[in-house]
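*Asks:* Below you'll find start-v8.cif; it's mmCIF, C-alpha atoms.
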data_start
#
loop_
_atom_site.label_atom_id
_atom_site.label_comp_id
_atom_site.auth_asym_id
_atom_site.auth_seq_id
_atom_site.Cartn_x
_atom_site.Cartn_y
_atom_site.Cartn_z
CA MET R 1 -244.53 121.40 -1.75
CA LYS R 2 -244.51 119.89 1.73
CA LEU R 3 -245.24 116.43 3.12
CA ARG R 4 -245.62 114.99 6.58
CA PHE R 5 -245.39 111.74 8.49
CA ALA R 6 -247.72 111.78 11.49
CA PRO R 7 -247.36 108.79 13.83
CA SER R 8 -249.06 108.45 17.20
CA PRO R 9 -246.71 107.70 20.12
CA THR R 10 -248.81 104.72 21.20
CA GLY R 11 -246.35 102.02 20.16
CA TYR R 12 -243.16 101.29 18.27
CA LEU R 13 -242.81 101.92 14.55
CA HIS R 14 -243.23 98.75 12.47
CA VAL R 15 -242.69 98.04 8.79
CA GLY R 16 -246.27 99.06 7.99
CA ASN R 17 -246.01 102.67 9.13
CA ALA R 18 -242.29 102.78 8.30
CA ARG R 19 -243.31 102.20 4.67
CA LEU R 20 -245.43 105.36 4.83
CA ALA R 21 -242.56 107.29 6.41
CA VAL R 22 -240.22 106.11 3.63
CA ALA R 23 -242.77 107.01 0.92
CA ASN R 24 -243.34 110.51 2.30
CA PHE R 25 -239.64 111.18 2.79
CA LEU R 26 -238.49 109.89 -0.61
CA PHE R 27 -241.37 111.61 -2.44
CA ALA R 28 -240.57 114.88 -0.70
CA ARG R 29 -236.83 114.74 -1.32
CA HIS R 30 -237.29 113.58 -4.94
CA ASN R 31 -239.26 116.77 -5.54
CA GLY R 32 -237.07 119.07 -3.47
CA ALA R 33 -239.86 119.45 -0.89
CA LYS R 34 -239.87 119.77 2.89
CA PHE R 35 -240.58 116.82 5.18
CA LEU R 36 -242.39 117.38 8.48
CA LEU R 37 -242.53 114.96 11.40
CA ARG R 38 -245.75 115.52 13.36
CA ILE R 39 -246.38 113.63 16.59
CA ASP R 40 -250.12 113.01 16.98
CA ASP R 41 -250.08 112.87 20.78
CA THR R 42 -253.58 114.04 21.72
CA ASP R 43 -254.46 110.54 22.99
CA THR R 44 -252.97 111.00 26.44
CA SER R 45 -254.38 107.72 27.72
CA ARG R 46 -252.30 105.62 25.31
CA GLY R 47 -249.41 107.86 24.29
CA LYS R 48 -246.07 107.54 26.09
CA PRO R 49 -242.91 109.69 25.96
CA GLU R 50 -240.76 106.61 25.42
CA TYR R 51 -242.69 105.81 22.23
CA GLU R 52 -242.16 109.33 20.92
CA GLU R 53 -238.44 109.02 21.65
CA ALA R 54 -238.36 105.64 19.90
CA ILE R 55 -240.07 107.07 16.80
CA GLY R 56 -237.38 109.73 16.45
CA LYS R 57 -234.64 107.16 17.03
CA ASP R 58 -236.05 104.76 14.44
CA LEU R 59 -236.51 107.43 11.76
CA SER R 60 -233.01 108.78 12.37
CA TRP R 61 -231.61 105.24 12.14
CA LEU R 62 -233.31 104.82 8.76
CA GLY R 63 -231.82 108.12 7.61
CA LEU R 64 -235.18 109.90 7.26
CA LYS R 65 -234.22 113.40 8.37
CA TRP R 66 -237.09 115.80 8.98
CA ASP R 67 -237.09 119.56 8.40
CA GLU R 68 -239.70 120.41 11.04
CA TYR R 69 -240.94 118.73 14.22
CA VAL R 70 -244.40 119.41 15.67
CA ARG R 71 -246.38 117.96 18.57
CA GLN R 72 -250.16 118.21 18.50
CA SER R 73 -250.19 118.54 22.29
CA GLU R 74 -248.54 121.95 21.85
CA ARG R 75 -251.32 123.20 19.57
CA LEU R 76 -254.37 122.71 21.80
CA ASP R 77 -255.15 126.45 21.97
CA ARG R 78 -255.29 126.58 18.18
CA TYR R 79 -257.63 123.59 18.08
CA ALA R 80 -259.92 125.22 20.66
CA GLU R 81 -260.10 128.33 18.50
CA VAL R 82 -261.15 126.36 15.41
CA ILE R 83 -263.64 124.28 17.39
CA GLU R 84 -265.40 127.44 18.54
CA LYS R 85 -265.49 128.72 14.97
CA LEU R 86 -267.15 125.50 13.76
CA LYS R 87 -269.64 125.63 16.61
CA ALA R 88 -270.54 129.22 15.74
CA THR R 89 -271.18 128.32 12.10
CA GLY R 90 -273.33 125.35 13.10
CA ARG R 91 -271.06 122.75 11.50
CA LEU R 92 -270.28 121.29 14.94
CA TYR R 93 -273.40 120.39 16.87
CA PRO R 94 -273.82 118.93 20.37
CA CYS R 95 -275.02 115.37 20.90
CA PHE R 96 -276.13 113.98 24.24
CA GLU R 97 -276.80 110.33 23.39
CA THR R 98 -274.99 107.71 25.43
CA GLU R 99 -273.09 104.87 23.81
CA TYR R 100 -275.93 102.56 24.86
CA GLU R 101 -278.49 104.78 23.11
CA LEU R 102 -276.37 104.99 19.95
CA ASN R 103 -275.99 101.21 19.83
CA ALA R 104 -279.73 100.78 20.18
CA LYS R 105 -280.32 103.20 17.31
CA ARG R 106 -277.86 101.36 15.08
CA GLU R 107 -279.47 98.00 15.80
CA ALA R 108 -282.95 99.40 15.10
CA ARG R 109 -281.85 100.80 11.73
CA ILE R 110 -280.28 97.49 10.77
CA ARG R 111 -283.50 95.63 11.66
CA CYS R 112 -285.40 98.02 9.39
CA GLY R 113 -282.97 97.40 6.54
CA LYS R 114 -281.43 100.86 6.79
CA ALA R 115 -277.76 101.80 6.80
CA PRO R 116 -276.46 101.99 10.39
CA ILE R 117 -275.52 105.66 10.23
CA TYR R 118 -276.29 108.41 12.71
CA ASP R 119 -279.80 109.87 12.27
CA ARG R 120 -278.88 113.48 13.15
CA ALA R 121 -281.57 113.55 15.82
CA MET R 122 -279.61 116.09 17.85
CA LEU R 123 -279.83 118.63 15.04
CA LYS R 124 -283.49 119.00 16.04
CA LEU R 125 -282.61 119.75 19.65
CA THR R 126 -284.10 123.04 20.87
CA ALA R 127 -282.23 125.45 23.10
CA ASP R 128 -284.56 124.55 25.97
CA GLN R 129 -283.95 120.81 25.52
CA ARG R 130 -280.19 121.37 25.47
CA ALA R 131 -280.37 123.50 28.62
CA ARG R 132 -282.34 120.78 30.44
CA ALA R 133 -279.84 118.11 29.36
CA GLU R 134 -276.92 120.15 30.65
CA ALA R 135 -278.80 120.94 33.87
CA ASN R 136 -279.15 117.20 34.40
CA GLY R 137 -275.35 116.83 34.25
CA LYS R 138 -275.02 115.63 30.67
CA THR R 139 -272.02 116.80 28.66
CA PRO R 140 -272.24 116.58 24.89
CA HIS R 141 -269.85 115.20 22.35
CA TRP R 142 -269.72 117.23 19.15
CA ARG R 143 -270.38 115.97 15.65
CA PHE R 144 -269.49 117.58 12.35
CA ARG R 145 -272.43 118.04 9.99
CA LEU R 146 -271.25 116.64 6.68
CA SER R 147 -272.24 118.26 3.41
CA ASP R 148 -274.65 116.63 1.01
CA GLY R 149 -273.24 114.94 -2.08
CA SER R 150 -269.77 113.49 -2.57
CA ARG R 151 -266.15 114.49 -2.30
CA LYS R 152 -263.91 113.51 -5.20
CA TRP R 153 -260.20 113.71 -5.88
CA ASN R 154 -257.62 112.39 -8.31
CA ASP R 155 -255.42 110.09 -6.25
CA LEU R 156 -251.75 109.66 -7.24
CA VAL R 157 -252.06 105.91 -6.67
CA MET R 158 -255.76 105.02 -6.76
CA ASP R 159 -256.67 107.41 -9.63
CA GLU R 160 -260.23 108.79 -9.41
CA CYS R 161 -261.68 108.44 -5.90
CA SER R 162 -265.09 109.42 -4.59
CA VAL R 163 -266.67 109.28 -1.13
CA LYS R 164 -270.44 109.65 -0.76
CA LEU R 165 -270.88 111.75 2.37
CA THR R 166 -274.57 110.96 2.76
CA ALA R 167 -273.62 107.32 3.35
CA ILE R 168 -271.44 108.21 6.35
CA SER R 169 -272.35 109.15 9.91
CA ASP R 170 -271.55 112.70 10.91
CA PRO R 171 -268.18 112.11 12.63
CA VAL R 172 -267.55 112.92 16.27
CA LEU R 173 -264.73 115.48 16.28
CA VAL R 174 -264.77 116.51 19.96
CA ARG R 175 -265.28 114.06 22.82
CA GLY R 176 -267.50 114.67 25.80
CA ASP R 177 -264.44 115.62 27.88
CA GLY R 178 -263.55 118.32 25.35
CA THR R 179 -260.58 116.56 23.75
CA ILE R 180 -260.20 116.78 20.00
CA LEU R 181 -260.10 113.74 17.74
CA TYR R 182 -257.51 113.03 15.06
CA THR R 183 -259.90 113.67 12.17
CA LEU R 184 -260.18 117.39 12.98
CA ALA R 185 -256.75 118.01 14.51
CA SER R 186 -255.04 116.58 11.45
CA VAL R 187 -256.96 118.88 9.07
CA ILE R 188 -256.15 121.95 11.16
CA ASP R 189 -252.46 121.00 11.21
CA ASP R 190 -252.28 120.27 7.50
CA LEU R 191 -253.84 123.65 6.69
CA ASP R 192 -251.84 125.67 9.22
CA LEU R 193 -248.48 124.03 8.51
CA GLY R 194 -248.73 124.27 4.72
CA ILE R 195 -248.95 120.58 3.88
CA THR R 196 -249.61 120.12 0.16
CA HIS R 197 -249.36 116.35 -0.40
CA ILE R 198 -250.74 113.65 1.92
CA VAL R 199 -249.40 110.11 1.43
CA ARG R 200 -251.03 107.49 3.66
CA GLY R 201 -252.65 104.05 3.71
CA GLU R 202 -255.74 103.10 1.72
CA ASP R 203 -257.60 102.54 5.00
CA HIS R 204 -257.91 106.35 5.12
CA VAL R 205 -259.82 106.73 1.85
CA THR R 206 -263.22 107.28 3.50
CA ASN R 207 -261.58 109.51 6.08
CA THR R 208 -260.10 111.58 3.26
CA GLY R 209 -263.57 112.39 1.92
CA VAL R 210 -264.61 113.55 5.38
CA GLN R 211 -261.45 115.61 5.89
CA ILE R 212 -261.82 117.34 2.55
CA ASP R 213 -265.29 118.43 3.67
CA ILE R 214 -263.90 119.67 7.00
CA ALA R 215 -261.10 121.56 5.25
CA GLU R 216 -263.56 123.33 2.97
CA ALA R 217 -265.71 124.20 6.00
CA LEU R 218 -262.61 125.92 7.40
CA GLY R 219 -262.20 127.94 4.23
CA ALA R 220 -259.87 125.77 2.20
CA LYS R 221 -260.25 125.85 -1.56
CA PRO R 222 -261.31 122.67 -3.39
CA ASN R 223 -258.36 120.40 -4.22
CA ARG R 224 -256.27 122.13 -1.56
CA PHE R 225 -254.43 118.84 -0.94
CA THR R 226 -253.02 116.21 -3.28
CA PHE R 227 -253.58 112.67 -1.96
CA ALA R 228 -251.87 109.33 -2.50
CA HIS R 229 -253.26 106.24 -0.77
CA LEU R 230 -250.90 103.26 -0.66
CA PRO R 231 -252.42 99.75 -0.50
CA LEU R 232 -251.84 98.10 2.84
CA LEU R 233 -249.11 95.55 3.42
CA LEU R 234 -250.03 91.87 3.76
CA ASP R 235 -247.82 89.07 4.99
CA SER R 236 -246.27 86.59 2.55
CA ASP R 237 -249.37 84.36 2.79
CA GLY R 238 -251.77 87.21 2.03
CA GLY R 239 -252.94 87.61 5.63
CA LYS R 240 -253.05 90.72 7.78
CA LEU R 241 -249.55 91.85 8.60
CA SER R 242 -250.81 93.63 11.71
CA LYS R 243 -250.86 90.31 13.59
CA ARG R 244 -247.06 90.15 13.24
CA PHE R 245 -246.20 93.79 13.90
CA ASP R 246 -244.48 93.06 17.23
CA SER R 247 -241.84 90.96 15.48
CA LEU R 248 -241.60 93.48 12.63
CA ALA R 249 -241.01 96.58 14.74
CA LEU R 250 -238.02 98.60 13.55
CA LYS R 251 -236.59 98.22 17.04
CA SER R 252 -236.61 94.44 16.61
CA LEU R 253 -235.20 94.53 13.08
CA ARG R 254 -232.38 96.80 14.26
CA GLN R 255 -231.56 94.44 17.12
CA ASP R 256 -231.62 91.50 14.70
CA GLY R 257 -228.91 93.17 12.65
CA LEU R 258 -230.66 94.45 9.54
CA GLU R 259 -229.10 97.37 7.72
CA PRO R 260 -231.24 100.54 7.65
CA MET R 261 -230.74 101.05 3.91
CA SER R 262 -231.81 97.47 3.26
CA ILE R 263 -235.13 98.29 4.93
CA VAL R 264 -235.48 101.64 3.14
CA SER R 265 -234.58 100.06 -0.21
CA TYR R 266 -237.12 97.29 0.29
CA LEU R 267 -239.97 99.50 1.54
CA ALA R 268 -239.37 101.96 -1.29
CA ARG R 269 -240.04 99.25 -3.87
CA VAL R 270 -242.43 96.76 -2.24
CA GLY R 271 -245.80 96.79 -3.99
CA SER R 272 -244.47 98.67 -7.00
CA SER R 273 -243.47 97.81 -10.55
CA ASP R 274 -239.79 98.28 -9.62
CA ASP R 275 -237.74 95.31 -8.48
CA PRO R 276 -236.21 95.69 -5.00
CA GLN R 277 -232.49 96.38 -5.02
CA VAL R 278 -229.97 97.71 -2.55
CA MET R 279 -229.62 101.47 -2.92
CA THR R 280 -227.91 104.34 -1.19
CA MET R 281 -230.22 107.03 0.13
CA ASP R 282 -229.31 109.33 -2.77
CA GLU R 283 -230.11 106.55 -5.23
CA ALA R 284 -233.42 105.80 -3.52
CA ILE R 285 -234.41 109.47 -3.63
CA ALA R 286 -233.48 109.84 -7.29
CA ALA R 287 -235.33 106.67 -8.31
CA TYR R 288 -238.53 107.08 -6.29
CA ASP R 289 -241.67 107.35 -8.44
CA ILE R 290 -245.01 107.13 -6.65
CA SER R 291 -246.78 106.45 -9.95
CA HIS R 292 -245.09 103.02 -9.97
CA VAL R 293 -246.96 101.94 -6.82
CA SER R 294 -249.57 99.29 -7.60
CA LYS R 295 -253.23 99.62 -6.65
CA SER R 296 -253.17 96.04 -5.41
CA ALA R 297 -252.22 95.04 -1.88
CA ALA R 298 -248.48 94.57 -1.37
CA ARG R 299 -246.95 91.55 0.33
CA PHE R 300 -244.16 91.92 2.83
CA ASP R 301 -241.66 89.12 2.28
CA MET R 302 -239.03 88.77 4.99
CA THR R 303 -237.05 86.36 2.81
CA GLN R 304 -236.72 89.04 0.17
CA LEU R 305 -235.72 91.65 2.74
CA LEU R 306 -233.07 89.32 4.17
CA ALA R 307 -231.72 88.70 0.67
CA LEU R 308 -231.36 92.45 0.18
CA ASN R 309 -229.66 92.75 3.55
CA ARG R 310 -227.26 89.97 2.63
CA ARG R 311 -226.26 91.78 -0.56
CA ALA R 312 -225.90 95.05 1.31
CA LEU R 313 -223.54 93.55 3.89
CA HIS R 314 -221.51 91.61 1.34
CA SER R 315 -220.77 94.83 -0.55
CA LEU R 316 -220.19 97.00 2.54
CA PRO R 317 -216.68 98.52 2.52
CA PHE R 318 -214.57 98.30 5.66
CA GLU R 319 -214.97 101.96 6.65
CA ALA R 320 -218.76 101.65 6.52
CA ALA R 321 -218.67 98.29 8.34
CA LYS R 322 -216.63 99.58 11.30
CA ALA R 323 -219.78 100.45 13.25
CA HIS R 324 -220.66 96.74 13.33
CA LEU R 325 -217.17 95.41 14.11
CA PRO R 326 -215.25 94.94 17.35
CA PRO R 327 -212.77 97.81 17.90
CA GLU R 328 -209.82 95.48 17.30
CA ALA R 329 -211.12 94.19 13.95
CA ASP R 330 -209.18 95.16 10.85
CA GLU R 331 -209.99 95.15 7.15
CA THR R 332 -208.53 91.66 6.69
CA PHE R 333 -211.04 90.24 9.16
CA TRP R 334 -213.97 92.04 7.51
CA ASN R 335 -212.97 90.94 4.03
CA ALA R 336 -212.67 87.37 5.32
CA VAL R 337 -216.12 87.13 6.92
CA ARG R 338 -218.43 89.58 5.15
CA GLY R 339 -219.42 87.08 2.48
CA ASN R 340 -220.82 84.84 5.22
CA VAL R 341 -222.99 87.25 7.21
CA ASP R 342 -226.67 87.81 6.46
CA LEU R 343 -227.15 90.06 9.50
CA SER R 344 -224.71 92.32 11.29
CA ALA R 345 -225.70 90.52 14.51
CA GLU R 346 -223.82 87.48 13.18
CA ILE R 347 -220.47 89.30 13.05
CA PRO R 348 -219.58 88.76 16.75
CA HIS R 349 -219.88 85.01 16.18
CA TRP R 350 -217.20 85.07 13.49
CA TRP R 351 -215.01 87.23 15.73
CA ASP R 352 -215.28 84.51 18.36
CA VAL R 353 -214.43 81.89 15.74
CA VAL R 354 -211.26 83.76 14.85
CA HIS R 355 -210.21 85.20 18.22
CA GLY R 356 -212.39 83.65 20.93
CA THR R 357 -213.48 80.21 21.98
CA ILE R 358 -215.70 77.63 20.32
CA VAL R 359 -217.08 74.23 21.23
CA PRO R 360 -216.09 71.78 18.48
CA PRO R 361 -218.47 68.92 17.68
CA SER R 362 -217.44 65.34 18.40
CA GLN R 363 -215.97 63.55 15.36
CA PRO R 364 -214.99 60.07 16.61
CA GLU R 365 -214.73 58.68 13.08
CA ASP R 366 -212.21 61.39 12.18
CA ARG R 367 -210.18 61.41 15.39
CA GLU R 368 -207.17 59.66 13.83
CA PHE R 369 -207.21 62.08 10.88
CA LEU R 370 -207.38 65.08 13.21
CA GLN R 371 -204.50 63.71 15.28
CA HIS R 372 -202.44 63.45 12.11
CA ALA R 373 -203.45 67.04 11.26
CA LEU R 374 -202.22 68.13 14.67
CA ASP R 375 -198.95 66.25 14.29
CA THR R 376 -198.25 67.78 10.87
CA LEU R 377 -199.32 71.34 11.70
CA PRO R 378 -196.62 73.57 10.15
CA ALA R 379 -194.29 75.52 12.37
CA GLU R 380 -194.28 79.30 12.37
CA PRO R 381 -193.87 81.65 10.64
CA TRP R 382 -197.04 81.15 8.60
CA GLY R 383 -197.57 82.63 5.18
CA GLU R 384 -199.96 82.58 2.23
CA ASP R 385 -199.02 78.99 1.32
CA THR R 386 -199.31 77.50 4.82
CA TRP R 387 -202.85 76.17 4.37
CA LYS R 388 -202.10 74.75 0.92
CA ASP R 389 -198.88 73.02 2.03
CA TRP R 390 -200.51 71.59 5.16
CA THR R 391 -203.58 70.19 3.39
CA ASN R 392 -201.46 68.76 0.57
CA THR R 393 -199.45 66.88 3.18
CA LEU R 394 -202.64 65.56 4.77
CA LYS R 395 -204.07 64.61 1.38
CA GLU R 396 -201.01 62.53 0.44
CA ALA R 397 -200.83 60.81 3.83
CA SER R 398 -204.53 60.03 4.24
CA GLY R 399 -205.69 59.64 0.68
CA ARG R 400 -208.57 61.98 1.49
CA LYS R 401 -209.77 64.75 -0.79
CA GLY R 402 -212.62 67.16 -1.19
CA ARG R 403 -215.24 67.16 1.54
CA THR R 404 -213.73 64.23 3.47
CA LEU R 405 -210.48 66.20 3.72
CA PHE R 406 -211.75 69.69 4.46
CA MET R 407 -214.97 69.17 6.48
CA PRO R 408 -213.33 67.59 9.57
CA LEU R 409 -210.85 70.47 9.62
CA ARG R 410 -213.59 73.09 9.25
CA LEU R 411 -215.67 71.56 12.05
CA ALA R 412 -212.63 71.31 14.31
CA LEU R 413 -211.34 74.82 13.66
CA THR R 414 -214.63 76.77 13.45
CA GLY R 415 -217.37 74.55 14.90
CA GLU R 416 -219.37 75.25 11.72
CA ASP R 417 -219.99 73.18 8.59
CA ALA R 418 -219.83 76.29 6.38
CA GLY R 419 -218.22 79.68 6.50
CA PRO R 420 -215.33 81.83 5.27
CA GLU R 421 -212.39 80.38 3.35
CA LEU R 422 -210.26 78.31 5.73
CA HIS R 423 -206.96 79.43 4.25
CA VAL R 424 -207.85 83.00 5.29
CA LEU R 425 -209.17 82.03 8.72
CA LEU R 426 -206.06 79.97 9.43
CA GLY R 427 -203.87 83.04 9.06
CA LEU R 428 -206.19 85.09 11.29
CA MET R 429 -206.33 82.44 14.02
CA GLY R 430 -202.60 81.74 14.16
CA ARG R 431 -200.79 78.55 15.04
CA GLU R 432 -201.37 78.55 18.79
CA ARG R 433 -205.16 78.81 18.50
CA THR R 434 -205.27 76.35 15.60
CA PHE R 435 -203.25 73.83 17.65
CA ALA R 436 -205.60 74.25 20.64
CA ARG R 437 -208.70 73.86 18.47
CA LEU R 438 -207.42 70.63 16.94
CA LEU R 439 -206.56 69.29 20.37
CA ASP R 440 -210.04 70.17 21.69
CA ALA R 441 -211.64 68.47 18.68
CA ILE R 442 -209.62 65.29 19.23
CA GLN R 443 -210.68 65.20 22.88
CA ALA R 444 -214.31 66.13 22.23
#
Kindly transcribe the structure held in the file into C-alpha cells.

*Replies:*
Amino acid sequence: MKLRFAPSPTGYLHVGNARLAVANFLFARHNGAKFLLRIDDTDTSRGKPEYEEAIGKDLSWLGLKWDEYVRQSERLDRYAEVIEKLKATGRLYPCFETEYELNAKREARIRCGKAPIYDRAMLKLTADQRARAEANGKTPHWRFRLSDGSRKWNDLVMDECSVKLTAISDPVLVRGDGTILYTLASVIDDLDLGITHIVRGEDHVTNTGVQIDIAEALGAKPNRFTFAHLPLLLDSDGGKLSKRFDSLALKSLRQDGLEPMSIVSYLARVGSSDDPQVMTMDEAIAAYDISHVSKSAARFDMTQLLALNRRALHSLPFEAAKAHLPPEADETFWNAVRGNVDLSAEIPHWWDVVHGTIVPPSQPEDREFLQHALDTLPAEPWGEDTWKDWTNTLKEASGRKGRTLFMPLRLALTGEDAGPELHVLLGLMGRERTFARLLDAIQA
C-alpha cells in the first residue's frame, strides 16, 4: 500500500491542499503504508523553486514526513516513451485546430442544442492532410481517444462513482510545444511508482474516470487504484474558501503563531463525524478513519481552529514550549503566562510585560489610589505572600475591593485589562520594575 501527495510548485500550501496532505499521510501511516511526496513541476511557466522549497518546509513543519521524493521534471524521458507508445496504438491522435477554431465549434454545438464536447474531427484526418498541415507550419496538440461507455469505481468516501466517457471531450494530453499535461503524467507516475490509493478532492471525480481509462490503455488492470475523493472545503459562511487562500497559507498561519499539531488535528477531523480535538501525531495516526469523512462539503472555521490552538498551548509542557520562548525564559514564566496565550506569537508580548517596557494607560480617576499603592509597596525581599499582604493593606486603607481594587493595579503594572495572575507576575517583575510601572502610571 502506497499513497502520494502531489502539489504543484506554483504557490504556497494553504489549508485546502494541506488537508489533502494530512489525509494522505495519516491514512498511509494508519495502515503502515509508504507516503510519497511528488512535485508536479512540469508547468515551467508558473512553477518556482522557492515554492517547491516552501512546500517541503511546510510539510516538515506539520510533521508529515515522506518516504520518497520525486520531481516530474526528472521523468521527462519516461513520459516521452509512453507518449510514443500511445501514439503508436492510435490512442493519442494529432489535432491541428486553433483555439479560435475550437471556440467556434463549441459555440456552434451549443446553438444546435448539443453538448459542447470535441467532435473528433481530427480522427478523420488523412496522412496527406496531416502532411500538408505540418508543411504549412502547424504543430499539433495531441488528444487521447476515450473509450466508449463509462468508468466506475467504489470510492472510499463517495461510495459508487461513475463517469460517462462519451459525455466528455477527448482530453489534450500533450501540448503543441510537446510538453505533457498533468492528466497523463500523473497516471504514468502512479503506475510506475506503485501508488495503490489516491486521496484527493472531489473536483477530480471526472478526471478520475478519464485517468482510469488512460491507465487501462497503458496496460493497467481494472481497479488498479483505490480512490477517495474528499469534499472541498468552504469558508464558515458556505462560500468558496479559495478566495481566502492567501490569508490561510501555512506560511501565514505559522507566522501568526499557530501550532502545527493544532492544524493537523483540525484538518484530520474537519468534515468528518469525529469532533476536532488536540492530538499528538501518534494519536492522530491511530485515530484516523477515512470512512468517517462526510460526503457533504466541509466548512473551515478559523474560530474552531483557534480554540484548538488555545487548548494545545495551554497544555504545552515547558520543554515543548522552549522553542517559542526567549532563551532567558524559565518554567515559572511559562507556567504563569501559558493560560493567556492563544497563539505563540503572543508570548513575546508577555515577556515584555514581565521583563521589558510597557505604556500604561492614563487613569486620572485612580491616580490617588495608585500613589497610595506606590507609597505602600512592600520592601524586599518579596515572597509568596507579598501580593496578598500589599493588596490587603490597600483594601483596608481605600475601602476598595474586587474590580475597583485590582483593575487599576493590573492596568498600571501590565497595560492590559486581563492576563495572568497578578500575584505571579509581581514576583516575576520584582520590586524595582513594579515601582517604576506605578510611577509611570501615576504620571501618565

*Asks:* Once the PyMOL selection byres ((chain R and resi 322) around 12) is applied to the coordinates I shared, what remains selected? I want it as a PyMOL selection string.

*Replies:* chain R and resi 313+316-321+323-331+333-335+338+344+347

*Asks:* Excluding Thr179 (chain R) and its own-chain neighbours fewer than 4 positions away, which residues fall within 12 Å of it when counting all atoms listed in the file? Please give them as a list in words.

*Replies:*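 My list of contacting residues is Asp41, Thr42, Asp43, Thr44, Ser45, Gln72, Ser73, Leu76, Asp77, Tyr79, Ala80, Ile83, Pro140, His141, Trp142, Val172, Leu173, Val174, Arg175, Thr183, Leu184 and Ala185 of chain R.
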
*Asks:* Find the distance between CA of Tyr51 (chain R) and CA of Gly63 (chain R) and write it in Å to one decimal.

*Replies:* 18.4 Å

*Asks:* Taking 6 positions as the minimum chain separation for residues in the same chain, which residues sit within 7 Å of region 17-29 of chain R when counting only C-alpha atoms? Answer as a VMD selection string.

*Replies:* chain R and resid 2 to 5 35 64 199 to 200 264 267 to 268 285 288

*Asks:* Evaluating the PyMOL selection byres ((chain R and resi 250) around 12) on the displayed file yields which residues, as a ChimeraX atom specification?

*Replies:* /R:11-19,54-62,245-249,251-260,263-264

*Asks:* Using only C-alpha atoms, please write the residues we just selected to a file, as a PDB file, keeping the file's coordinate frame.

*Replies:*
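New file result_25.pdb:
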ATOM      1  CA  GLY R  11    -246.350 102.020  20.160  1.00  0.00           C
ATOM      2  CA  TYR R  12    -243.160 101.290  18.270  1.00  0.00           C
ATOM      3  CA  LEU R  13    -242.810 101.920  14.550  1.00  0.00           C
ATOM      4  CA  HIS R  14    -243.230  98.750  12.470  1.00  0.00           C
ATOM      5  CA  VAL R  15    -242.690  98.040   8.790  1.00  0.00           C
ATOM      6  CA  GLY R  16    -246.270  99.060   7.990  1.00  0.00           C
ATOM      7  CA  ASN R  17    -246.010 102.670   9.130  1.00  0.00           C
ATOM      8  CA  ALA R  18    -242.290 102.780   8.300  1.00  0.00           C
ATOM      9  CA  ARG R  19    -243.310 102.200   4.670  1.00  0.00           C
ATOM     10  CA  ALA R  54    -238.360 105.640  19.900  1.00  0.00           C
ATOM     11  CA  ILE R  55    -240.070 107.070  16.800  1.00  0.00           C
ATOM     12  CA  GLY R  56    -237.380 109.730  16.450  1.00  0.00           C
ATOM     13  CA  LYS R  57    -234.640 107.160  17.030  1.00  0.00           C
ATOM     14  CA  ASP R  58    -236.050 104.760  14.440  1.00  0.00           C
ATOM     15  CA  LEU R  59    -236.510 107.430  11.760  1.00  0.00           C
ATOM     16  CA  SER R  60    -233.010 108.780  12.370  1.00  0.00           C
ATOM     17  CA  TRP R  61    -231.610 105.240  12.140  1.00  0.00           C
ATOM     18  CA  LEU R  62    -233.310 104.820   8.760  1.00  0.00           C
ATOM     19  CA  PHE R 245    -246.200  93.790  13.900  1.00  0.00           C
ATOM     20  CA  ASP R 246    -244.480  93.060  17.230  1.00  0.00           C
ATOM     21  CA  SER R 247    -241.840  90.960  15.480  1.00  0.00           C
ATOM     22  CA  LEU R 248    -241.600  93.480  12.630  1.00  0.00           C
ATOM     23  CA  ALA R 249    -241.010  96.580  14.740  1.00  0.00           C
ATOM     24  CA  LYS R 251    -236.590  98.220  17.040  1.00  0.00           C
ATOM     25  CA  SER R 252    -236.610  94.440  16.610  1.00  0.00           C
ATOM     26  CA  LEU R 253    -235.200  94.530  13.080  1.00  0.00           C
ATOM     27  CA  ARG R 254    -232.380  96.800  14.260  1.00  0.00           C
ATOM     28  CA  GLN R 255    -231.560  94.440  17.120  1.00  0.00           C
ATOM     29  CA  ASP R 256    -231.620  91.500  14.700  1.00  0.00           C
ATOM     30  CA  GLY R 257    -228.910  93.170  12.650  1.00  0.00           C
ATOM     31  CA  LEU R 258    -230.660  94.450   9.540  1.00  0.00           C
ATOM     32  CA  GLU R 259    -229.100  97.370   7.720  1.00  0.00           C
ATOM     33  CA  PRO R 260    -231.240 100.540   7.650  1.00  0.00           C
ATOM     34  CA  ILE R 263    -235.130  98.290   4.930  1.00  0.00           C
ATOM     35  CA  VAL R 264    -235.480 101.640   3.140  1.00  0.00           C
TER      36      VAL R 264
END

*Asks:* Report as a VMD selection string all protein, DNA and RNA residues lying within 9 Å of Lys85 (chain R), evaluated on only C-alpha atoms, omitting residues in the same chain fewer than 6 positions from it.

*Replies:* chain R and resid 91 to 92 218

*Asks:* Quick check on the file I pasted: which residues fall under the PyMOL selection byres ((chain R and resi 270) around 9)? Write them as a ChimeraX atom specification.

*Replies:* /R:19,233,265-269,271-276,293,298-301
